[in-house]
Structures are given as structure tokens and as C-alpha cells.
Amino acid sequence: MTVRFVPQLDLAQREALAELLLSLADDEFVIGFWDSEWTGIAPMLEEDVATSSIAQDEIGHAKALYEMLAELTDDDADRIAYGRAAEDFRHAALLNHARRDWAFSVARRYLYETADAVRLTALAASTYEPLAMLAGKMRREETYHLLHADAWLRRLADGAAEPRERLASALRTLWADAQELFAPLDGEAALVRAGVLREPMHALDTEWQGQVRRRLEPITGELPAAAPTADGRTRRTDEFAWLHGEFTSVASSEEAAIW
Amino acid sequence: MPVASVLQYPWFAMDDADTIQPLNGRPPYAPGDADAFYAHVGSGGKVEADDWMPDDYRAAVLKFVEMHANSELMGVLPERDWIMRAPTLRRKLALTSKIQDEVGHAQLLYRVAEDLGKPRSAMLQDLLDGKTKFHNVFHYPTRSWADVGIIAWLVDAAAIVSQQALRDSSYAPYARTMKKICWEESVHIMHGRDVVLTLMNGTPTQRAMVQEALDRWWGPLMQMHGPPTDPARDKDLHWRIKAKNNEQLRQEFLSIYVPRILELGLRIPDPELRHDETSGRWQYTEPDWAELKAVVTGHGPASEARLGFRRVNFAETQWVRDALLGGATAAA
């Protein structure tokens with residue numbers, strides 16, 4: 001067993017850390033669900049297999065993060081994932097949208113993977129060692145997701161008018177909600193002081209925007225000024241309510257059952 | 001027809017190179033000599049994609065492999081309904097991975113079929129048009145989470161009984177592909193049994209859910225291997241495209257799985273089912289062969305819904321294939 005350095009955190013810091021872990025886990029869980037919906041119906045068999053594989057990685061990351069959170073709060077990973085009301089989820093508004101068409105999925109995955117890369121790099125330097133180690137492991141897998149999303153972005157952007165316009169339209173639709181991956185967390189200042197979070201979320205957002213605007217604006221035209229907002233991780237939509245209804249339908253159908 | 005060696009011996013077959021020997025050099029029959037060809041396959045000989053073969057053998061292998069590929073692809077849909085509803089993180093991962101395997105099998109099998117001369121796009125179009133068939137079990141709806149367990153455990157078990165026999169197929173690329181597929185299917189069976197076992201150890205409602213699923217699936221399971229055929233007139237058997245006849249496969253399935261089903265405390269919904277000690281064979285109520293015929297010709301309870309769903313999705317993603325490959329002739 002690896003000996004981990006776990007800094008002594010006060011109550012406020014522990015609560016803030018729990019909020020951070022929950023937001024990370026919910027992001028991976030919800031995007032993993034939307035992407036897994038392509039299983040069996042992707043545009044071609046090769047992409048079907050690839051998308052399903054990526055979705056499994058995301059759910060695997062969510063599982064590891066929920067387990068870390070469960071250890072911190074003396075809870076159970078499946079209870080956290082399947083036992084909450086829709087309004088208690090903390091994923092970013094980017095993930096509130098249903099799957100829609102392939103261009104929409106490519107656009108969301110590109111925005112997500114590039115933002116996640118910035119976030120994971122910051123978390124790999126966390127003083128909370130279990131999280132730093134997990135972020136390092138996740139980053140190795142996410143590199144391939146990013147390559148995959150990037151290849152598709154290029155293919156659609158360099159294609160004929162229809163694929164290019166579908167992609168551009170999806171990117172413009174999702175741009176503001178993508179900022180919410182860096183929405184401020186309750187108790188964030190305490191995390192930054194303890195070094196659990198290297199920089200405040202808004203600084204990571206600025207770093208990310210600096211990277212992706214250059215790549216996206218030739219496709220979309222000038223993207224509007226955008227920044228994370230206070231309710232970026234608490235806004236919920238009917239589309240997410242539908243998803244929540246689906247993934248809790250079996251789990252909540254029988255009191256205290258094991259599945 | 002020049003075929004790169006990488007096509008003949010895909011990466012996953014490398015470990016098996018010692019068990020299915022490629023024919024070094026020329027096959028032991030002259031191109032064009034159909035009698036010598038059939039003597040070769042009749043005595044257990046293997047055929048590679050770029051060997052000469054009679055047209056009727058090529059057509060029979062293609063039809064067999066194409067239906068298998070179609071079945072893997074259509075078999076995704078009943079379980080796919082539950083990808084969004086899997087009730088724990090572990091089940092979600094296992095089910096997604098299992099269904100991904102089935103898509104992967106379809107891809108491998110369409111490649112085997114493509115080498116016989118029919119493009120993948122044509123096979124998918126024929127499937128969508130209802131011109132080609134897929135296995136009966138994938139024409140039925142799913143109703144509960146227990147169906148996920150019963151399908152992965154018993155439908156995959158019934159399939160693997162016939163697929164294991166196909167590892168001896170005279171068409172060597174198919175035989176090699178079946179080795180990989182069988183290995184993955186055996187993992188699916190463990191996943192399915194674990195789902196069922198967990199439910200059977202659960203609440204009375206959960207146990208009832210499994211029994212209700214088994215009651216619904218038993219008829220299609222008994223029909224799955226098809227009616228007994230006259231081995232003398234079954235050319236797939238004669239040419240060793242397949243190695244065992246329908247009734248042999250059904251008997252094998254019953255021998256292995258009836259005890260396992262009963263062991264979990266489930267009832268099998270067939271009062272006539274028993275093992276006859278003198279003949280060594282399973283007796284059972286005659287399966288409904290009229291139902292089987294209707295179902296595989298596209299008149300099953302979910303046939304139209306499944307094909308319709310696939311048609312809609314295929315049409316909605318056509319622009320992606322066009323963007324990638326250019327033109328309306330792009331293959332899926």
C-alpha cells in the first residue's frame with residue numbers, strides 16, 4: 001500500500017475539498033453518461049468502439065473520485081452517484097445538455113478535454129496527495145481523449161460547409177456554459193490557501209481561454225467575452241432531469257436493494 | 001487477388017498461430033477444381049481469404065458470416081436500452097464494456113465478410129432494408145434490469161455453444177475471429193451470471209424479476225439454434241462452415257445450463273423438460289418453430305422498432321460519413 005501524505009485539514013477545508021471532489025466526479029460521471037449513449041449508434045463502427053471506450057474511462061474516473069470523496073465523508077460511492085436528487089448534482093452547466101448530433105458531441109468533448117487538461121495539470125500539483133496522484137493518472141488517459149477530440153474537430157472544421165457549420169454552431173452554443181467548468185466553488189479560497197488547489201478557478205479559466213480561443217475562433221468567428229458564474233454548477237435543465245430519471249430508475253426502484 | 005498478410009492473420013490471431021496453421025504455399029487443390037476443394041474441406045482442410053474457392057462455398061460462408069455480423073450489431077440494441085439505467089458504477093462500466101465488445105465483434109465479422117466480396121456499406125444497407133437476417137433473440141423487447149442479466153448469461157451462453165464449434169470452421173479467417181469472440185463472450189457470461197446471482201440473493205421483488213425474465217426468454221432461447229435439420233442436406237455442415245448441427249447445439253446448451261439455472265433457485269417454464277437417462281438426451285416441449293420463422297423474417301415483437309431505430313440513427317449520422325469519406329457512397 002502506498003503511504004500517502006494527507007495534510008491536516010480543518011473543517012472548512014475538508015468541506016471545500018469535498019465540494020471540489022464532488023464537482024470533478026459529477027463532471028466525469030455526467031459526460032460519461034452522455035458519451036456512452038453513442039454506444040451502438042455512432043456514425044461508424046470504429047467510432048462506436050472508440051467513444052464507448054472514452055465513456056468508460058470517464059465513468060472509471062468518476063468512480064475513483066466518488067470513492068475518494070466517500071472516504072473523506074464516510075459515505076458510499078454508489079450512494080453518492082445514484083442516491084442524490086437532480087438538484088444536488090454539481091457538474092458544470094456544459095454537461096446539462098443532451099447528446100444531440102455528432103458535431104455537438106465533438107464540440108463538447110473538445111471544450112471539456114481542453115479545460116480538463118488545464119484543471120488536471122493544476123490538480124497534479126495539489127498538496128492533497130491522493131488527489132494529486134489520481135489527477136496524474138487521469139491526465140495520462142485524458143491525453144488520448146484530447147487527441148481523439150482534436151482529430152475530430154479538425155476533420156469537421158476542414159470539411160465541407162455542412163459539417164463545419166454544425167460544428168461552429170455547437171461551439172457557439174456551448175461556449176458560455178463551458179466556462180462553468182471553472183465556476184467558483186464554496187470555500188475555494190481555503191483550498192487555495194492550503195495548496196489543495198494551485199490557483200483560483202477563474203485564473204484557470206483565463207489560462208484555458210488563452211489556449212482555445214486561438215484554435216476555435218477561425219472556426220466560429222469571434223467568441224464573446226465569457227467568464228464563469230456563481231451558479232455555473234448549480235443550474236439544472238430538463239435534459240439533465242431526464243438523464244437523472246434514467247440513471248436512477250433501476251437503482252431507486254427497490255428500497256435498500258443491492259444490484 | 002492480392003491480400004496483404006496482415007489481413008489474413010489479424011493481430012489477435014497471432015497467439016493462435018500454432019493451432020490454426022496457415023497453409024504455406026499453395027492449397028492442396030488446383031484453382032477451379034471444385035471436387036478437390038470439397039474433398040479438402042470435407043477432410044478438415046482450411047480455406048484462406050485469397051485461396052480459390054467455388055462460388056457456392058463463397059456465397060454460403062458470406063451469408064453465414066453476414067448474418068452473424070448483423071446479429072452482433074442488432075444484439076447491441078436490446079442491452080443498449082439499459083446503458084443509461086445501470087444501477088451502480090460497477091454495473092455501468094461492465095455493461096458499457098460488454099456492449100462495446102459486441103460492436104467490436106460486428107466490426108471484425110463485417111471485415112471477414114468484406115473479404116468475401118461484399119462491401120460493408122452494402123451489408124448495412126441490406127440489413128436496414130430487411131433483406132438480410134439477424135438472430136431471433138434480438139427481435140424481442142427488454143422489460144427490466146433482470147433482462148440484462150438473462151441476456152448476458154443465457155443468450156450469450158446459447159450463442160457461445162455454437163460459436164465454440166465455429167472455431168473449427170473450414171473458413172480459417174472466420175475460425176480465427178471466433179477464437180477472440182469466444183474469449184470475450186465467456187467474460188460476458190460471467191458478468192450476466194453475476195447480475196442474476198446478485199438479484200437472486202436480493203429482495204423477493206428482485207428474485208421475481210429474474211423469474212419473470214426467464215419465463216419470457218425461455219421460448220426464444222429454445223428456438224435460438226433452429227429446428228433439427230437433416231445433416232445430409234445441411235450444406236453449411238457438409239462443407240464444415242459450421243461443425244455441429246442445431247439439435248446437438250441445443251442439447252449441449254441444456255446439459256450445461258439447466259443445472260446452473262436450477263441451482264440458483266429458478267424454475268424453467270417447461271413442464272416437459274427432463275433428461276432421459278436411456279437416450280442420454282433432453283426431452284422438451286417442441287419449440288414454436290412458426291414463431292421462430294415469423295420472428296427472423298422481421299415479424300418479431302420488436303423487429304420493426306429495432307430496425308426503425310437503426311434506420312433513423314443511420315440517416316442522422318450520414319452527414320458524418322459523407323464528411324469523412326466524401327459522397328453518398330461512403331461506407332458506414
# chains A, B, ... in the order shown; residues from 1 in each chain; ligands from 1
call {"tool": "select_by_dssp", "arguments": {"residues": "region 15-255 of chain A", "states": "alpha helix (DSSP H)", "output": "number ranges by chain"}}
result
A: 15-36, 45-73, 77-82, 102-123, 129-157, 161-178, 188-193, 201-220, 238-247
call {"tool": "residues_around", "arguments": {"residues": "Arg207 (chain B)", "least_positions_apart": "6", "cutoff": "9 Å", "atoms": "only C-alpha atoms", "output": "list in words"}}
result
Ala146, Val196, Leu199, Met200, Asn201 and Leu266 of chain B
call {"tool": "write_last_selection", "arguments": {"atoms": "C-alpha atoms", "output": "PDB file, in the first residue's frame"}}
result
ATOM      1  CA  ALA B 146     -33.120  -8.727 -14.967  1.00  0.00           C
ATOM      2  CA  VAL B 196     -28.521 -12.685 -11.966  1.00  0.00           C
ATOM      3  CA  LEU B 199     -30.661 -10.336  -7.891  1.00  0.00           C
ATOM      4  CA  MET B 200     -31.375 -13.892  -6.696  1.00  0.00           C
ATOM      5  CA  ASN B 201     -29.617 -13.068  -3.416  1.00  0.00           C
ATOM      6  CA  LEU B 266     -35.110 -20.549 -10.681  1.00  0.00           C
TER       7      LEU B 266
END
call {"tool": "residues_around", "arguments": {"residues": "Gln13 (chain A)", "least_positions_apart": "3", "cutoff": "7 Å", "atoms": "only C-alpha atoms", "output": "ChimeraX atom specification"}}
result
/A:9-10,16-17,190-191
call {"tool": "interface_residues", "arguments": {"of": "chain A", "to": "chain B", "cutoff": "7 Å", "atoms": "only C-alpha atoms", "output": "list in words"}}
result
Phe33, Thr39, Gly40, Ile41, Pro43, Met44, Leu45, Val49, Ser52, Gln56, Ile59, Lys63, Asp78, Gly159, Ala160, Pro163, Glu246, Phe247, Thr248, Ser249, Val250, Ala251, Ala257, Ile258 and Trp259 of chain A
call {"tool": "residues_around", "arguments": {"residues": "Leu204 (chain A)", "least_positions_apart": "2", "cutoff": "12 Å", "atoms": "only C-alpha atoms", "output": "number ranges by chain"}}
result
A: 114-123, 179-184, 197-202, 206-211, 227-228
call {"tool": "residues_around", "arguments": {"residues": "Leu153 (chain A)", "least_positions_apart": "4", "cutoff": "8 Å", "atoms": "only C-alpha atoms", "output": "NGL selection string"}}
result
:A and (106-107 or 110 or 149 or 157 or 167)
call {"tool": "write_last_selection", "arguments": {"atoms": "C-alpha atoms", "output": "PDB file, in the first residue's frame"}}
result
ATOM      1  CA  VAL A 106     -17.325  16.591 -30.748  1.00  0.00           C
ATOM      2  CA  ALA A 107     -17.653  20.272 -29.761  1.00  0.00           C
ATOM      3  CA  TYR A 110     -13.168  19.281 -27.298  1.00  0.00           C
ATOM      4  CA  ALA A 149     -11.459  15.097 -29.859  1.00  0.00           C
ATOM      5  CA  ALA A 157     -13.676  22.073 -39.406  1.00  0.00           C
ATOM      6  CA  LEU A 167     -19.504  22.263 -35.510  1.00  0.00           C
TER       7      LEU A 167
END
call {"tool": "residues_around", "arguments": {"residues": "Val161 (chain B)", "least_positions_apart": "6", "cutoff": "10 Å", "atoms": "only C-alpha atoms", "output": "number ranges by chain"}}
result
B: 182, 225, 244, 248-253, 256
call {"tool": "write_last_selection", "arguments": {"atoms": "N, CA, C and O atoms", "output": "mmCIF file, in the first residue's frame"}}
result
data_model
loop_
_atom_site.group_PDB
_atom_site.id
_atom_site.type_symbol
_atom_site.label_atom_id
_atom_site.label_comp_id
_atom_site.auth_asym_id
_atom_site.auth_seq_id
_atom_site.Cartn_x
_atom_site.Cartn_y
_atom_site.Cartn_z
ATOM 1 N N CYS B 182 -15.116 -15.772 -28.778
ATOM 2 C CA CYS B 182 -15.483 -16.723 -27.716
ATOM 3 C C CYS B 182 -14.874 -16.323 -26.382
ATOM 4 O O CYS B 182 -15.495 -16.454 -25.335
ATOM 5 N N HIS B 225 -31.280 -22.059 -31.641
ATOM 6 C CA HIS B 225 -30.393 -22.852 -32.504
ATOM 7 C C HIS B 225 -31.101 -23.392 -33.740
ATOM 8 O O HIS B 225 -30.464 -24.021 -34.579
ATOM 9 N N LYS B 244 -21.327 -28.322 -35.923
ATOM 10 C CA LYS B 244 -22.327 -29.099 -35.190
ATOM 11 C C LYS B 244 -23.721 -28.731 -35.666
ATOM 12 O O LYS B 244 -23.965 -27.572 -36.032
ATOM 13 N N GLN B 248 -27.741 -30.810 -31.814
ATOM 14 C CA GLN B 248 -26.550 -31.039 -30.977
ATOM 15 C C GLN B 248 -26.267 -29.807 -30.105
ATOM 16 O O GLN B 248 -25.949 -29.920 -28.927
ATOM 17 N N LEU B 249 -26.381 -28.636 -30.726
ATOM 18 C CA LEU B 249 -26.076 -27.390 -30.003
ATOM 19 C C LEU B 249 -27.090 -27.163 -28.883
ATOM 20 O O LEU B 249 -26.730 -26.783 -27.765
ATOM 21 N N ARG B 250 -28.381 -27.417 -29.187
ATOM 22 C CA ARG B 250 -29.415 -27.215 -28.163
ATOM 23 C C ARG B 250 -29.203 -28.179 -26.990
ATOM 24 O O ARG B 250 -29.306 -27.813 -25.829
ATOM 25 N N GLN B 251 -28.901 -29.438 -27.308
ATOM 26 C CA GLN B 251 -28.661 -30.441 -26.262
ATOM 27 C C GLN B 251 -27.466 -30.034 -25.386
ATOM 28 O O GLN B 251 -27.501 -30.162 -24.164
ATOM 29 N N GLU B 252 -26.437 -29.513 -26.039
ATOM 30 C CA GLU B 252 -25.242 -29.088 -25.302
ATOM 31 C C GLU B 252 -25.583 -27.930 -24.352
ATOM 32 O O GLU B 252 -25.173 -27.919 -23.191
ATOM 33 N N PHE B 253 -26.351 -26.976 -24.877
ATOM 34 C CA PHE B 253 -26.770 -25.829 -24.061
ATOM 35 C C PHE B 253 -27.566 -26.306 -22.842
ATOM 36 O O PHE B 253 -27.307 -25.884 -21.710
ATOM 37 N N ILE B 256 -25.417 -28.089 -20.110
ATOM 38 C CA ILE B 256 -24.578 -27.216 -19.271
ATOM 39 C C ILE B 256 -25.440 -26.297 -18.408
ATOM 40 O O ILE B 256 -25.169 -26.113 -17.223
#
call {"tool": "atom_distance", "arguments": {"atom1": "CA of Arg193 (chain A)", "atom2": "CA of Ala12 (chain A)"}}
result
11.7 Å
call {"tool": "closest_residue", "arguments": {"among": "B:Ile160, B:Leu221, B:Met53, B:Leu214", "to": "His40 (chain B)", "atoms": "only C-alpha atoms"}}
result
B:Met53
call {"tool": "residues_around", "arguments": {"residues": "Glu286 (chain B)", "least_positions_apart": "4", "cutoff": "10 Å", "atoms": "only C-alpha atoms", "output": "list of chain:residue names"}}
result
B:Gly219, B:Met222, B:Gln223, B:Pro227, B:Asp270, B:Glu272
call {"tool": "write_last_selection", "arguments": {"atoms": "C-alpha atoms", "output": "compact mmCIF listing (two decimals), in the first residue's frame"}}
result
# COMPACT_ATOMS: atom_id res chain seq x y z
CA GLY B 219 -39.10 -19.79 -25.57
CA MET B 222 -35.09 -22.87 -27.10
CA GLN B 223 -35.74 -21.66 -30.63
CA PRO B 227 -35.20 -26.67 -35.77
CA ASP B 270 -41.37 -26.10 -19.46
CA GLU B 272 -41.91 -31.45 -20.26
call {"tool": "decode", "arguments": {"residues": "region 181-206 of chain B", "atoms": "N, CA, C and O atoms", "output": "mmCIF file, in the first residue's frame"}}
result
data_model
loop_
_atom_site.group_PDB
_atom_site.id
_atom_site.type_symbol
_atom_site.label_atom_id
_atom_site.label_comp_id
_atom_site.auth_asym_id
_atom_site.auth_seq_id
_atom_site.Cartn_x
_atom_site.Cartn_y
_atom_site.Cartn_z
ATOM 1 N N ILE B 181 -13.672 -13.856 -30.245
ATOM 2 C CA ILE B 181 -15.048 -13.580 -29.835
ATOM 3 C C ILE B 181 -15.461 -14.504 -28.685
ATOM 4 O O ILE B 181 -16.047 -14.060 -27.700
ATOM 5 N N CYS B 182 -15.116 -15.772 -28.778
ATOM 6 C CA CYS B 182 -15.483 -16.723 -27.716
ATOM 7 C C CYS B 182 -14.874 -16.323 -26.382
ATOM 8 O O CYS B 182 -15.495 -16.454 -25.335
ATOM 9 N N TRP B 183 -13.648 -15.858 -26.459
ATOM 10 C CA TRP B 183 -12.988 -15.475 -25.206
ATOM 11 C C TRP B 183 -13.746 -14.324 -24.550
ATOM 12 O O TRP B 183 -14.021 -14.333 -23.351
ATOM 13 N N GLU B 184 -14.123 -13.335 -25.355
ATOM 14 C CA GLU B 184 -14.851 -12.190 -24.787
ATOM 15 C C GLU B 184 -16.255 -12.589 -24.327
ATOM 16 O O GLU B 184 -16.729 -12.117 -23.292
ATOM 17 N N GLU B 185 -16.904 -13.462 -25.111
ATOM 18 C CA GLU B 185 -18.255 -13.886 -24.723
ATOM 19 C C GLU B 185 -18.243 -14.613 -23.378
ATOM 20 O O GLU B 185 -19.198 -14.540 -22.610
ATOM 21 N N SER B 186 -17.152 -15.336 -23.107
ATOM 22 C CA SER B 186 -17.107 -16.058 -21.833
ATOM 23 C C SER B 186 -17.045 -15.074 -20.654
ATOM 24 O O SER B 186 -17.568 -15.355 -19.574
ATOM 25 N N VAL B 187 -16.439 -13.902 -20.897
ATOM 26 C CA VAL B 187 -16.444 -12.858 -19.852
ATOM 27 C C VAL B 187 -17.865 -12.296 -19.680
ATOM 28 O O VAL B 187 -18.315 -12.031 -18.566
ATOM 29 N N HIS B 188 -18.580 -12.169 -20.805
ATOM 30 C CA HIS B 188 -19.965 -11.667 -20.730
ATOM 31 C C HIS B 188 -20.840 -12.600 -19.899
ATOM 32 O O HIS B 188 -21.711 -12.147 -19.157
ATOM 33 N N ILE B 189 -20.612 -13.897 -20.082
ATOM 34 C CA ILE B 189 -21.418 -14.870 -19.341
ATOM 35 C C ILE B 189 -21.186 -14.705 -17.830
ATOM 36 O O ILE B 189 -22.128 -14.749 -17.043
ATOM 37 N N MET B 190 -19.933 -14.464 -17.463
ATOM 38 C CA MET B 190 -19.642 -14.249 -16.027
ATOM 39 C C MET B 190 -20.325 -12.978 -15.511
ATOM 40 O O MET B 190 -20.863 -12.960 -14.409
ATOM 41 N N HIS B 191 -20.297 -11.936 -16.343
ATOM 42 C CA HIS B 191 -20.975 -10.680 -15.974
ATOM 43 C C HIS B 191 -22.479 -10.931 -15.814
ATOM 44 O O HIS B 191 -23.095 -10.514 -14.828
ATOM 45 N N GLY B 192 -23.069 -11.641 -16.764
ATOM 46 C CA GLY B 192 -24.511 -11.898 -16.715
ATOM 47 C C GLY B 192 -24.890 -12.738 -15.504
ATOM 48 O O GLY B 192 -25.873 -12.439 -14.811
ATOM 49 N N ARG B 193 -24.094 -13.765 -15.250
ATOM 50 C CA ARG B 193 -24.392 -14.623 -14.114
ATOM 51 C C ARG B 193 -24.274 -13.824 -12.807
ATOM 52 O O ARG B 193 -25.060 -14.016 -11.881
ATOM 53 N N ASP B 194 -23.309 -12.926 -12.751
ATOM 54 C CA ASP B 194 -23.142 -12.114 -11.541
ATOM 55 C C ASP B 194 -24.339 -11.192 -11.321
ATOM 56 O O ASP B 194 -24.802 -11.010 -10.188
ATOM 57 N N VAL B 195 -24.869 -10.621 -12.404
ATOM 58 C CA VAL B 195 -26.072 -9.781 -12.298
ATOM 59 C C VAL B 195 -27.238 -10.627 -11.775
ATOM 60 O O VAL B 195 -27.947 -10.239 -10.832
ATOM 61 N N VAL B 196 -27.412 -11.814 -12.365
ATOM 62 C CA VAL B 196 -28.521 -12.685 -11.966
ATOM 63 C C VAL B 196 -28.350 -13.151 -10.520
ATOM 64 O O VAL B 196 -29.300 -13.113 -9.724
ATOM 65 N N LEU B 197 -27.142 -13.569 -10.182
ATOM 66 C CA LEU B 197 -26.870 -14.070 -8.829
ATOM 67 C C LEU B 197 -27.136 -12.995 -7.777
ATOM 68 O O LEU B 197 -27.734 -13.258 -6.730
ATOM 69 N N THR B 198 -26.714 -11.773 -8.073
ATOM 70 C CA THR B 198 -26.943 -10.662 -7.135
ATOM 71 C C THR B 198 -28.445 -10.450 -6.921
ATOM 72 O O THR B 198 -28.893 -10.250 -5.786
ATOM 73 N N LEU B 199 -29.205 -10.518 -8.013
ATOM 74 C CA LEU B 199 -30.661 -10.336 -7.891
ATOM 75 C C LEU B 199 -31.287 -11.503 -7.120
ATOM 76 O O LEU B 199 -32.183 -11.312 -6.297
ATOM 77 N N MET B 200 -30.807 -12.719 -7.376
ATOM 78 C CA MET B 200 -31.375 -13.892 -6.696
ATOM 79 C C MET B 200 -31.045 -13.888 -5.207
ATOM 80 O O MET B 200 -31.760 -14.468 -4.397
ATOM 81 N N ASN B 201 -29.958 -13.217 -4.836
ATOM 82 C CA ASN B 201 -29.617 -13.068 -3.416
ATOM 83 C C ASN B 201 -30.247 -11.822 -2.812
ATOM 84 O O ASN B 201 -29.971 -11.472 -1.665
ATOM 85 N N GLY B 202 -31.072 -11.147 -3.595
ATOM 86 C CA GLY B 202 -31.633 -9.879 -3.143
ATOM 87 C C GLY B 202 -33.022 -10.012 -2.538
ATOM 88 O O GLY B 202 -33.346 -11.006 -1.885
ATOM 89 N N THR B 203 -33.861 -9.035 -2.813
ATOM 90 C CA THR B 203 -35.193 -8.985 -2.219
ATOM 91 C C THR B 203 -36.144 -9.904 -2.997
ATOM 92 O O THR B 203 -35.844 -10.291 -4.129
ATOM 93 N N PRO B 204 -37.305 -10.232 -2.436
ATOM 94 C CA PRO B 204 -38.280 -11.041 -3.174
ATOM 95 C C PRO B 204 -38.657 -10.403 -4.516
ATOM 96 O O PRO B 204 -38.830 -11.105 -5.509
ATOM 97 N N THR B 205 -38.761 -9.087 -4.550
ATOM 98 C CA THR B 205 -39.084 -8.405 -5.814
ATOM 99 C C THR B 205 -37.996 -8.650 -6.858
ATOM 100 O O THR B 205 -38.286 -8.871 -8.038
ATOM 101 N N GLN B 206 -36.752 -8.582 -6.409
ATOM 102 C CA GLN B 206 -35.644 -8.800 -7.347
ATOM 103 C C GLN B 206 -35.649 -10.240 -7.866
ATOM 104 O O GLN B 206 -35.434 -10.477 -9.054
#
